[in-house]
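Colleague: Please see the structure below; I have some questions.
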Amino acid sequence: MSLQTLTRDQASEPGTARSSAPRARRRPALRPTAVLACLVLLVALAWALAPALFTSYGPTSSVGASLQAPSAEHWFGTDATGRDVFSRVVHGASHSITAALVAVAVGLVVGTTLGVIAGSVGGLVEDALMRLVDVLLAIPGLLLSLSVVILLGFGTTNAAIAVGVTSIATFARLSRSRVLEVRRSEYVEAAFGSGGTLPTILWRHILPNSAAPVIALAALQLGSAILQISTLGFLGYGAPPPTPEWGLLIAEGRDYVATAWWLTLLPGLVVAAVVLSTNRLSDAIGKAERP
Amino acid sequence: MRYLLRRIGGALLVLVLAFTAAYVLLAALPGDAVLARYGNPDLGLTADQLAEIRAAYGADRSAIVQYLDTAVSFLRGDLGYSVQSGAAVSALLAEALPSTLTLAALGLLVALVLAVLIAFTATHGSLRGGRPTAWLRSALRGLPPLMVSLPVFWIGIMLIQVFSFQLGLVPVLNAGPVQSLILPVATLAIPIAAPLAQVLIRSIDEVSAQPFVAVARSRGASAWWLLWRTVARNALLPALTMAGLLFGELVGGAVVTEAVFGRMGVGQLTAQAVAARDTPVLMAVVVLSTVVFVLVNLIVDLLYPVLDARLRRTDATGPARTGATSSAPVAPASPEPAERSEVTAR
Amino acid sequence: MSPAHHHAPTAPLLEVAGLRVAYRTRRGHVEAVRGVDLAVARGGVTAVVGESGSGKSSAAQAVIGLLADNGAVTGGTIALTGTDGRRQELVGLPERDWRQLRGTRIGLIPQDPTSSLDPVRTIGASVADPLRIHGWRDRDRIDARVLELLERVGLDDPAARARQYPHELSGGMRQRVLIAAALALEPELLIADEPTSALDVTVQATVLDLIDELREATGAGVLLITHDLAVAADRADTLVVMRAGRVEESGPTGQVLAAPSADYTRTLLADAPSLRRVVERAPRLSSTDETPLVTVHGLRQEFAGRGGRTPFVAVEDLSFEIPRGTTHALVGESGSGKTTTGRAIAGFRVPTAGSILVDGTEVTQLGGKRLREFRSTVQLVHQNPFGSLDPRQSIAQILEEPLRNTRRGSRAERRSAALHHLELVSLPPEVASRRPRELSGGQRQRVAIARALILQPDVVVLDEAVSALDVTVQAQILRLLASLQDELGLTYVFISHDLAVVRQVADTVSVLRRGVQVESGAVERVLEDPRHDYTRQLLAAIPGSGGTRPGDPGIDHEELTAS
């Protein structure tokens with residue numbers, strides 16, 4: 001799902017391949033949307049780290065009448081047992097975001113390791129690893145994570161690992177193709193040509209120059225993992241009920257969809273905002289890297 | 001056709017490996033779906049009785065024998081028996097499949113139309129022409145990223161809320177067969193249309209920047225001509241590679257959609273199987289969808305050379321340095337392609 | 001104002017006055033064209049000559065109304081006068097009117113034939129495009145016209161070619177196809193934007209001949225955009241020299257070349273290797289008894305054909321010797337095997353057969369540690385200075401890396417060696433802290449040369465090392481290479497497609513064609529008295545010799561080396 005890596009920025013500016021005019025060093029200015037995305041993510045992260053700063057209500061305690069519509073007192077209203085929905089969303093951030101980070105870490109570490117090994121060793125090792133990646137890709141994502149969840153058991157961490165497993169293949173493919181691309185570059189050849197060894201060149205040239213698209217993918221996967229984990233939570237394979245996990249939160253509001261719209265709408269919007277922000281951030285990282 | 005054989009061989013290998021992986025994940029390691037169901041002390045079964053049941057399910061034989069046995073049964077179409085209900089998995093699937101296929105086919109169709117509509121409208125201006133609707137185009141460009149950011153189940157619930165409860169357009173209870181499909185199809189179509197539209201937009205942007213598009217403009221082509229004759233065909237090719245990915249989304253989307261709308265189908269079957277740890281059912285679903293995935297990708301692979309003449313010959317790329325000097329770098333493959341001499345062409 | 005204007009009884013076909021073009025960029029407005037006047041006479045050729053960033057392409061794009069989305073004409077007029085004497089102003093023309101003009105009255109021959117044809121459609125379909133766009137409906141009539149056009153541009157078996165796809169044709173054939181499409185509706189004005197810069201030199205000559213021939217036949221005017229003053233000198237009757245968006249000088253070709261009035265024109269002339277001697281360099285005398293530094297014997301390089309196909313032979317039975325301190329040139333067009341040979345000498349590829357001795361070491365037998373140690377003896381400089389420097393390293397890091405790899409010197413010694421080598425290639429010391437993207441192409445190539453020299457090699461393989469550079473920069477680098485050779489006693493393997501350059505910088509030369517050495521020997525001997533037809537073709541194709549045809553041996557070589 002490395003959609004970002006499919007394309008390059010097509011800035012149409014004057015200047016040709018033969019350009020010899022000295023070009024000024026330039027850093028692309030952060031676009032307003034990217035700034036907004038960063039803000040949203042920072043807020044979500046702050047919710048995850050210190051939820052008590054943002055809400056005085058406990059996430060699992062009843063604090064008022066049930067099914068109250070949003071008000072100044074209860075921003076997102078209250079649910080069927082009188083719990084404050086906003087406070088549940090804020091506290092849920094730590095479950096959902098931590099789980100997403102675990103998932104991305106699994107995919108990033110395992111996938112990138114596989115990809116870098118495949119790309120730099122080559123030969124039979126590469127063939128074998130890439131065949132493994134093909135197999136991972138061949139099983140539809142949700143089914144793969146369900147299989148892993150069955151194996152490991154239900155729960156947030158296991159759901160996170162399951163989601164992480166599904167992204168291994170994507171990370172492996174991207175990092176391998178980047179390593180191969182950088183490896184074919186003339187500056188890597190020049191490094192070999194001046195007596196460099198594979199390990200030093202891998203460390204000095206190949207990895208630093210391969211990193212940016214992989215980081216952009218990691219940002220993209222963070223959002224994707226939040227969605228997938230909330231899906232597992234919604235289906236009931238994630239955290240057990242009193243936990244304020246985002247997917248579960250929406251699932252609980254589903255029974256009151258006719259009477260209490262805020263129970264599903266508002267938590268869903270929060271999830272969408274966070275995921276959209278990771279998309280924008282990933283875009284920005286990808287663009288900043290391209291010359 | 002060397003190409004054909006290599007592709008089919010590769011597809012078979014992936015299938016065998018995927019079957020093995022699914023088997024290891026679902027059948028071999030937790031093996032004891034039997035224990036999960038019958039091991040509960042409340043049932044009061046003795047160890048002997050348990051062993052008997054295990055033997056009946058074939059759970060007492062060596063792992064390799066069981067694996068091969070399962071593989072042969074799958075090839076014969078015998079997908080095993082549900083631990084939960086005892087029914088044949090193939091019968092369960094046959095019952096659930098029509099409903100899911102209808103949903104998936106309609107969802108895919110709507111998604112394709114939606115994606116093409118969004119992508120073409122959003123990029124039309126980049127091909128030049130009139131530009132009175134710039135704001136609409138930029139709004140359309142922002143739509144796919146937004147659509148991929150929404151949880152599928154949330155979309156479903158919101159659709160029910162808006163169209164059934166607020167507007168009363170689609171009844172929730174006692175809906176006819178067509179009415180009961182409208183919202184699920186919409187729910188399924190959105191997450192599939194979004195990535196497809198994203199890829200199409202990027203692809204169209206990229207093709208539009210190619211010199212041959214500028215050349216077509218220099219011949220006097222209009223924006224529509226460019227889009228249909230020049231850009232569309234080149235831009236649709238990369239979108240084809242999405243087919244496998246879309247199938248995965250379709251399967252995942254079906255599970256969630258059927259759960260949200262309470263429709264019986266393969267998705268619901270899968271969800272229930274996971275909840276009950278009914279591994280034979282999940283195993284069958286995983287293997288079947290992997291078969292379809294591999295087939296879809298195989299078809300796309302074989303379709304590519306038909307649509308793009310450049311792929312009709314198998315290109316020999318230059319080899320890497322594979323001499324005795326193993327520590328030497330892999331040289332870029334640049335054997336200066338032999339060009340037909342122009343002098344003789346004249 | 002162009003002289004064509006004064007001599008023609010009626011208004012010229014194309015008249016551009018005070019043209020200004022600007023681009024909106026993230027850094028604000030950038031003016032690419034700042035007041036350009038030029039004219040193209042009916043049946044005449046006006047060449048706009050300039051280096052990169054001169055604005056010549058922007059001017060051409062403005063004339064056909066195809067500026068990039070962020071570009072716009074900000075001033076001036078562009079007028080097209082028809083045979084009926086009606087004058088049409090093009091600036092500010094609505095898009096709809098532009099579309100009716102493009103293809104019918106103005107045709108474009110684009111720069112890069114590899115990417116200018118739709119890869120998924122047949123040649124026939126691409127050539128038919130202008131006809132269909134402009135309302136031709138009769139399928140038989142279209143097919144007949146396409147075949148006629150393909151035949152007219154010199155393609156053999158037009159019917160078969162029309163069914164082929166672009167990738168099945170060579171670069172030169174693709175350019176012919178594009179010319180056919182441009183001519184489909186017999187436009188009055190042809191814009192040829194660097195029409196041959198992506199082609200081999202012999203192909204370039206035939207394509208330019210074709211354009212000339214068709215111009216004469218149809219009476220169209222040609223606006224030729226080129227970076228190559230020699231090409232312009234051969235083909236144009238009016239020259240417009242541009243720099244930084246302005247016209248430095250314009251006038252009849254002969255007049256501009258014989259008595260250039262602008263300093264910049266003089267510089268361009270002085271730096272064009274095909275027109276003037278660019279490098280002053282004493283020929284290296286080599287005593288015959290001395291053992292050569294590099295001996296290549298019976299070199300053969302095959303590339304395995306995939307899936308049982310016969311292997312492709314890139315180099316076949318190649319032998320030559322290079323005495324120490326001299327320059328040996330490998331000359332040939334694409335597919336000649338010159339780069340493959342250079343890479344084998346630098347130890348980047350083990351040849352299929354043959355031997356390469358450098359200073360008594362058999363390069364083909366090296367491996368592992370010994371190969372790494374050998375790297376200090378032979379260094380390679382790549383063609384593209386944009387790809388051969390790691391964008392993440394500073395120039396100092398780039399220069400110090402070879403020393404770190406070979407564990408030479410302390411940190412401080414490495415730093416001072418880096419600064420010393422910057423000075424050697426005439427770069428200021430403050431460059432050390434910069435990154436490659438902050439440098440110009442010429443500066444980057446200097447850094448690449450400094451990196452190659454820092455290990456104090458005996459041999460430097462220069463793989464088209466000046467080919468991607470602007471002509472004035474190219475001349476500077478050639479002079480630098482010559483002075484470094486004097487100073488350090490280096491031996492060069494100079495790989496190039498450009499005989500005009502080779503003539504000035506090499507002592508000995510091997511002429512390669514499809515992997516086979518057709519001729520070899522001292523430069524003066526091979527170039528003054530070529531014994532092989534192919535060498536003669538290459539020589540005849542050098543632009544600046546006045547529109548010669550391939551195979552035509554009647555070229556005056558003395559004229560080239562004079563002055």
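To be explicit about the labels: the chains of the structure tokens are called A, B, and onward in the order shown, and within each one the residues are counted from 1, while ligands get numbers from 1 in the order they are shown.
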Tell me the residues of chain C close to chain B, meaning within 6 Å using only C-alpha atoms, as number ranges by chain.
Modeller: C: 99, 102-103, 115-118, 120, 130, 133, 154, 170, 203, 306, 335, 349, 367-368
Colleague: With C-alpha atoms kept, could you save the residues just selected as a tab-separated table (two decimals), in the first residue's frame?
Modeller:
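Once everything was written out, this is out-v5.tsv:
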```tsv
chain	number	residue	atom	x	y	z
C	99	ARG	CA	-5.80	24.25	-30.94
C	102	ARG	CA	-1.26	23.72	-33.67
C	103	GLY	CA	-0.53	20.92	-36.07
C	115	SER	CA	9.57	9.67	-24.59
C	116	SER	CA	7.73	11.73	-27.17
C	117	LEU	CA	5.76	8.87	-28.71
C	118	ASP	CA	2.87	7.23	-26.88
C	120	VAL	CA	1.09	1.91	-25.95
C	130	PRO	CA	-2.85	15.34	-36.19
C	133	ILE	CA	-7.54	15.82	-34.42
C	154	GLY	CA	12.86	7.75	-45.21
C	170	SER	CA	15.78	3.05	-32.87
C	203	VAL	CA	22.10	9.85	-36.77
C	306	ARG	CA	18.04	-14.57	-20.59
C	335	GLY	CA	26.21	0.33	-28.29
C	349	ARG	CA	33.38	-5.83	-14.46
C	367	GLY	CA	39.17	-10.06	-6.16
C	368	GLY	CA	38.32	-9.17	-2.59
```
Colleague: Excluding C:Thr267 and any residue of its chain fewer than 6 positions from it, enumerate the residues within 12 Å of it, using only C-alpha atoms, and give them as JSON, numbers by chain.
Modeller: {"C": [50, 51, 229, 241, 243, 248, 257, 260, 261, 273, 275, 276, 278, 471, 472, 473, 475, 476]}
Colleague: With a cut-off of 7 Å and counting only C-alpha atoms, select all residues of chain B in contact with chain A and give the selection as a ChimeraX atom specification.
Modeller: /B:14,17-18,25-26,30,145-146,149-151,154,157,161,165,199,202,248,251-252,274,277,286,290,293-294,329,332
Colleague: Can you tell me which residues surround stretch 100-113 of chain B at a distance of at most 8 Å, considering only C-alpha atoms, apart from same-chain residues fewer than 5 positions away, and format the answer as a CSV table (one decimal) with N, CA, C and O atoms, in the first residue's frame?
Modeller:
```csv
chain,number,residue,atom,x,y,z
B,181,LEU,N,-29.7,-4.0,0.0
B,181,LEU,CA,-28.3,-4.0,-0.6
B,181,LEU,C,-27.7,-2.6,-0.7
B,181,LEU,O,-26.5,-2.4,-0.7
B,184,PRO,N,-25.3,-1.4,2.3
B,184,PRO,CA,-24.0,-2.3,2.4
B,184,PRO,C,-23.2,-2.0,1.1
B,184,PRO,O,-21.9,-1.9,1.3
B,185,VAL,N,-23.7,-1.9,0.0
B,185,VAL,CA,-22.9,-1.7,-1.2
B,185,VAL,C,-22.2,-0.4,-1.1
B,185,VAL,O,-21.0,-0.3,-1.4
B,186,ALA,N,-22.9,0.6,-0.7
B,186,ALA,CA,-22.3,2.0,-0.5
B,186,ALA,C,-21.1,1.9,0.5
B,186,ALA,O,-20.0,2.4,0.3
B,188,LEU,N,-19.3,-0.7,1.3
B,188,LEU,CA,-18.2,-1.4,0.8
B,188,LEU,C,-17.5,-0.7,-0.3
B,188,LEU,O,-16.3,-0.7,-0.5
B,189,ALA,N,-18.2,0.1,-1.1
B,189,ALA,CA,-17.6,0.8,-2.3
B,189,ALA,C,-16.7,1.9,-1.9
B,189,ALA,O,-15.6,2.1,-2.5
B,190,ILE,N,-17.0,2.6,-0.8
B,190,ILE,CA,-16.2,3.8,-0.4
B,190,ILE,C,-14.7,3.4,-0.1
B,190,ILE,O,-13.8,4.0,-0.8
B,192,ILE,N,-13.1,1.0,-1.2
B,192,ILE,CA,-12.4,0.5,-2.3
B,192,ILE,C,-12.2,1.5,-3.4
B,192,ILE,O,-11.1,1.6,-4.0
B,193,ALA,N,-13.1,2.4,-3.5
B,193,ALA,CA,-13.0,3.5,-4.5
B,193,ALA,C,-11.8,4.4,-4.1
B,193,ALA,O,-11.1,4.9,-5.0
B,196,LEU,N,-8.2,3.4,-5.1
B,196,LEU,CA,-8.2,3.3,-6.6
B,196,LEU,C,-8.2,4.7,-7.2
B,196,LEU,O,-7.4,5.0,-8.1
B,250,LEU,N,-11.7,-5.9,-0.6
B,250,LEU,CA,-13.0,-6.4,-0.8
B,250,LEU,C,-13.4,-7.4,0.3
B,250,LEU,O,-14.5,-7.4,0.9
B,254,ALA,N,-16.0,-6.9,3.1
B,254,ALA,CA,-17.2,-7.8,3.3
B,254,ALA,C,-17.4,-8.2,4.7
B,254,ALA,O,-18.5,-8.3,5.2
B,265,GLY,N,-23.4,-14.2,5.3
B,265,GLY,CA,-22.5,-14.3,4.2
B,265,GLY,C,-21.2,-14.8,4.7
B,265,GLY,O,-21.0,-15.2,5.8
B,266,VAL,N,-20.3,-14.8,3.8
B,266,VAL,CA,-19.0,-15.4,4.1
B,266,VAL,C,-18.3,-14.6,5.2
B,266,VAL,O,-17.6,-15.1,6.1
B,267,GLY,N,-18.5,-13.2,5.1
B,267,GLY,CA,-17.9,-12.4,6.1
B,267,GLY,C,-18.4,-12.7,7.5
B,267,GLY,O,-17.6,-12.8,8.4
```
Colleague: From the options A:Ala288, A:Ala239, A:Leu281, A:Tyr187, which residue's atoms come nearest to chain C, counting only C-alpha atoms?
Modeller: A:Tyr187
Colleague: Env of C:Ser336: 6 Å cut, atoms = only C-alpha atoms, seq-sep filter 5 positions within chain, self excluded. Answer as an MDAnalysis selection string.
Modeller: chainID C and resid 512:515
Colleague: Output C-alpha atoms of each residue in that selection to a file, as a compact mmCIF listing (two decimals), in the first residue's frame.
Modeller:
```
# COMPACT_ATOMS: atom_id res chain seq x y z
CA LEU C 512 34.68 1.22 -31.70
CA ARG C 513 31.55 0.12 -33.48
CA ARG C 514 29.18 -2.46 -32.05
CA GLY C 515 31.88 -3.88 -29.82
```
Colleague: Hey, list the chain C side of the contact with chain A: 6 Å cut-off, only C-alpha atoms, answer as a PDB file with all heavy atoms, in the first residue's frame.
Modeller:
```
ATOM      1  N   SER C  52      22.138  26.014 -21.106  1.00  0.00           N
ATOM      2  CA  SER C  52      20.986  25.758 -20.260  1.00  0.00           C
ATOM      3  C   SER C  52      20.642  27.011 -19.462  1.00  0.00           C
ATOM      4  O   SER C  52      21.523  27.755 -19.048  1.00  0.00           O
ATOM      5  CB  SER C  52      21.266  24.591 -19.321  1.00  0.00           C
ATOM      6  OG  SER C  52      22.484  24.773 -18.677  1.00  0.00           O
ATOM      7  N   GLY C  53      19.356  27.246 -19.284  1.00  0.00           N
ATOM      8  CA  GLY C  53      18.917  28.419 -18.544  1.00  0.00           C
ATOM      9  C   GLY C  53      18.919  29.688 -19.380  1.00  0.00           C
ATOM     10  O   GLY C  53      18.678  30.774 -18.871  1.00  0.00           O
ATOM     11  N   ARG C 372      40.188  -4.247  -3.897  1.00  0.00           N
ATOM     12  CA  ARG C 372      40.007  -2.969  -3.187  1.00  0.00           C
ATOM     13  C   ARG C 372      41.299  -2.165  -3.184  1.00  0.00           C
ATOM     14  O   ARG C 372      41.284  -0.951  -3.338  1.00  0.00           O
ATOM     15  CB  ARG C 372      39.536  -3.218  -1.762  1.00  0.00           C
ATOM     16  CG  ARG C 372      38.071  -3.542  -1.640  1.00  0.00           C
ATOM     17  CD  ARG C 372      37.508  -3.145  -0.293  1.00  0.00           C
ATOM     18  NE  ARG C 372      38.227  -3.705   0.833  1.00  0.00           N
ATOM     19  CZ  ARG C 372      38.077  -4.955   1.259  1.00  0.00           C
ATOM     20  NH1 ARG C 372      37.253  -5.751   0.645  1.00  0.00           N
ATOM     21  NH2 ARG C 372      38.751  -5.392   2.275  1.00  0.00           N
ATOM     22  N   ARG C 375      42.000  -0.434  -6.439  1.00  0.00           N
ATOM     23  CA  ARG C 375      41.177   0.744  -6.722  1.00  0.00           C
ATOM     24  C   ARG C 375      41.976   2.038  -6.711  1.00  0.00           C
ATOM     25  O   ARG C 375      41.632   2.994  -7.390  1.00  0.00           O
ATOM     26  CB  ARG C 375      40.041   0.878  -5.697  1.00  0.00           C
ATOM     27  CG  ARG C 375      39.121  -0.302  -5.599  1.00  0.00           C
ATOM     28  CD  ARG C 375      38.251  -0.407  -6.808  1.00  0.00           C
ATOM     29  NE  ARG C 375      37.158  -1.364  -6.603  1.00  0.00           N
ATOM     30  CZ  ARG C 375      36.460  -1.887  -7.588  1.00  0.00           C
ATOM     31  NH1 ARG C 375      36.735  -1.555  -8.828  1.00  0.00           N
ATOM     32  NH2 ARG C 375      35.506  -2.746  -7.347  1.00  0.00           N
ATOM     33  N   GLY C 387      24.541  12.352 -10.413  1.00  0.00           N
ATOM     34  CA  GLY C 387      24.278  11.044  -9.815  1.00  0.00           C
ATOM     35  C   GLY C 387      25.465  10.441  -9.103  1.00  0.00           C
ATOM     36  O   GLY C 387      25.322   9.505  -8.332  1.00  0.00           O
ATOM     37  N   SER C 388      26.659  11.000  -9.329  1.00  0.00           N
ATOM     38  CA  SER C 388      27.827  10.305  -8.795  1.00  0.00           C
ATOM     39  C   SER C 388      28.263  10.827  -7.430  1.00  0.00           C
ATOM     40  O   SER C 388      29.229  10.338  -6.869  1.00  0.00           O
ATOM     41  CB  SER C 388      28.980  10.387  -9.791  1.00  0.00           C
ATOM     42  OG  SER C 388      29.316  11.728 -10.036  1.00  0.00           O
ATOM     43  N   LEU C 389      27.559  11.833  -6.907  1.00  0.00           N
ATOM     44  CA  LEU C 389      27.881  12.336  -5.569  1.00  0.00           C
ATOM     45  C   LEU C 389      26.694  12.070  -4.641  1.00  0.00           C
ATOM     46  O   LEU C 389      25.560  12.388  -4.983  1.00  0.00           O
ATOM     47  CB  LEU C 389      28.166  13.844  -5.614  1.00  0.00           C
ATOM     48  CG  LEU C 389      29.222  14.306  -6.630  1.00  0.00           C
ATOM     49  CD1 LEU C 389      29.349  15.823  -6.604  1.00  0.00           C
ATOM     50  CD2 LEU C 389      30.566  13.664  -6.336  1.00  0.00           C
ATOM     51  N   ASP C 390      26.968  11.487  -3.482  1.00  0.00           N
ATOM     52  CA  ASP C 390      25.901  11.206  -2.520  1.00  0.00           C
ATOM     53  C   ASP C 390      25.276  12.515  -2.039  1.00  0.00           C
ATOM     54  O   ASP C 390      25.956  13.352  -1.453  1.00  0.00           O
ATOM     55  CB  ASP C 390      26.487  10.433  -1.330  1.00  0.00           C
ATOM     56  CG  ASP C 390      25.409   9.974  -0.350  1.00  0.00           C
ATOM     57  OD1 ASP C 390      24.297  10.552  -0.365  1.00  0.00           O
ATOM     58  OD2 ASP C 390      25.674   9.050   0.427  1.00  0.00           O
ATOM     59  N   PRO C 402      37.404   8.260   0.145  1.00  0.00           N
ATOM     60  CA  PRO C 402      38.389   7.301  -0.362  1.00  0.00           C
ATOM     61  C   PRO C 402      39.540   7.100   0.615  1.00  0.00           C
ATOM     62  O   PRO C 402      40.039   5.982   0.764  1.00  0.00           O
ATOM     63  CB  PRO C 402      38.881   7.956  -1.657  1.00  0.00           C
ATOM     64  CG  PRO C 402      37.761   8.830  -2.090  1.00  0.00           C
ATOM     65  CD  PRO C 402      37.143   9.334  -0.816  1.00  0.00           C
ATOM     66  N   ASN C 405      38.307   4.880   3.365  1.00  0.00           N
ATOM     67  CA  ASN C 405      38.189   3.507   2.882  1.00  0.00           C
ATOM     68  C   ASN C 405      39.537   2.798   2.852  1.00  0.00           C
ATOM     69  O   ASN C 405      39.628   1.609   3.128  1.00  0.00           O
ATOM     70  CB  ASN C 405      37.585   3.490   1.473  1.00  0.00           C
ATOM     71  CG  ASN C 405      36.102   3.763   1.483  1.00  0.00           C
ATOM     72  OD1 ASN C 405      35.454   3.579   2.511  1.00  0.00           O
ATOM     73  ND2 ASN C 405      35.565   4.204   0.361  1.00  0.00           N
ATOM     74  N   GLU C 438      23.993  22.099  -3.854  1.00  0.00           N
ATOM     75  CA  GLU C 438      24.253  23.542  -3.849  1.00  0.00           C
ATOM     76  C   GLU C 438      25.255  23.935  -4.920  1.00  0.00           C
ATOM     77  O   GLU C 438      25.556  25.104  -5.087  1.00  0.00           O
ATOM     78  CB  GLU C 438      24.775  23.966  -2.484  1.00  0.00           C
ATOM     79  CG  GLU C 438      23.790  23.703  -1.364  1.00  0.00           C
ATOM     80  CD  GLU C 438      24.440  23.874  -0.001  1.00  0.00           C
ATOM     81  OE1 GLU C 438      24.810  25.008   0.319  1.00  0.00           O
ATOM     82  OE2 GLU C 438      24.590  22.874   0.719  1.00  0.00           O
ATOM     83  N   LEU C 439      25.787  22.939  -5.659  1.00  0.00           N
ATOM     84  CA  LEU C 439      26.795  23.228  -6.663  1.00  0.00           C
ATOM     85  C   LEU C 439      26.222  23.115  -8.060  1.00  0.00           C
ATOM     86  O   LEU C 439      25.237  22.415  -8.292  1.00  0.00           O
ATOM     87  CB  LEU C 439      27.964  22.242  -6.531  1.00  0.00           C
ATOM     88  CG  LEU C 439      28.645  22.149  -5.161  1.00  0.00           C
ATOM     89  CD1 LEU C 439      29.831  21.219  -5.240  1.00  0.00           C
ATOM     90  CD2 LEU C 439      29.075  23.512  -4.663  1.00  0.00           C
ATOM     91  N   SER C 440      26.873  23.783  -8.994  1.00  0.00           N
ATOM     92  CA  SER C 440      26.467  23.667 -10.398  1.00  0.00           C
ATOM     93  C   SER C 440      27.032  22.377 -10.973  1.00  0.00           C
ATOM     94  O   SER C 440      27.870  21.714 -10.364  1.00  0.00           O
ATOM     95  CB  SER C 440      26.996  24.855 -11.175  1.00  0.00           C
ATOM     96  OG  SER C 440      28.407  24.750 -11.270  1.00  0.00           O
ATOM     97  N   GLY C 441      26.571  22.028 -12.170  1.00  0.00           N
ATOM     98  CA  GLY C 441      27.036  20.804 -12.814  1.00  0.00           C
ATOM     99  C   GLY C 441      28.550  20.771 -12.997  1.00  0.00           C
ATOM    100  O   GLY C 441      29.196  19.767 -12.715  1.00  0.00           O
TER     101      GLY C 441
END
```
Colleague: From the list A:Ile161, A:Thr60, A:Thr98, A:Leu67, which residue is nearest A:Ala46 when using only C-alpha atoms?
Modeller: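 Result for the nearest residue to A:Ala46: A:Thr98.
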Colleague: Excluding same-chain residues fewer than 4 positions from A:Ser87, what lies within 7 Å of it counting only C-alpha atoms, as a ChimeraX atom specification?
Modeller: /A:55,57-59,91
Colleague: Separation of atom CA of A:Trp203 and atom CA of C:Ser433, in Å?
Modeller: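 Straight-line distance from atom CA of A:Trp203 to atom CA of C:Ser433 works out to 21.1 Å.
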Colleague: Could you please write out, as a ChimeraX atom specification, every residue of stretch 400-508 of chain C that DSSP assigns to alpha helix (DSSP H)?
Modeller: /C:400-405,411-424,441-453,471-488,499-505
Colleague: Check stretch 51-284 of chain A with DSSP on the backbone and list each residue it calls strand (DSSP E or B), as a CSV table (one decimal) with N, CA and C atoms, in the first residue's frame.
Modeller:
```csv
chain,number,residue,atom,x,y,z
A,62,SER,N,-19.3,6.2,35.7
A,62,SER,CA,-20.5,6.9,35.4
A,62,SER,C,-20.4,8.3,36.0
A,78,THR,N,-22.9,11.8,26.8
A,78,THR,CA,-22.6,10.6,27.7
A,78,THR,C,-23.3,9.4,27.0
A,83,ARG,N,-21.4,7.4,31.1
A,83,ARG,CA,-19.9,7.7,31.1
A,83,ARG,C,-19.7,8.9,30.1
A,84,ASP,N,-18.7,9.7,30.4
A,84,ASP,CA,-18.4,10.9,29.5
A,84,ASP,C,-17.7,10.4,28.3
```
Colleague: Atom CA of B:Gly168 to atom CA of A:Ser66: how many Å, to one decimal?
Modeller: 25.7 Å
Colleague: Could you state the separation of atom CA of A:Phe86 and atom CA of A:Thr243 in Å, given to one decimal place?
Modeller: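 Spanning atom CA of A:Phe86 to atom CA of A:Thr243 is a straight-line distance of 13.9 Å.
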Colleague: Give me the residues near stretch 242-245 of chain B as a ChimeraX atom specification, where near means some atom within 7 Å (using only C-alpha atoms) and where sequence neighbours in that chain fewer than 4 positions away do not count.
Modeller: /B:249,293,296-297
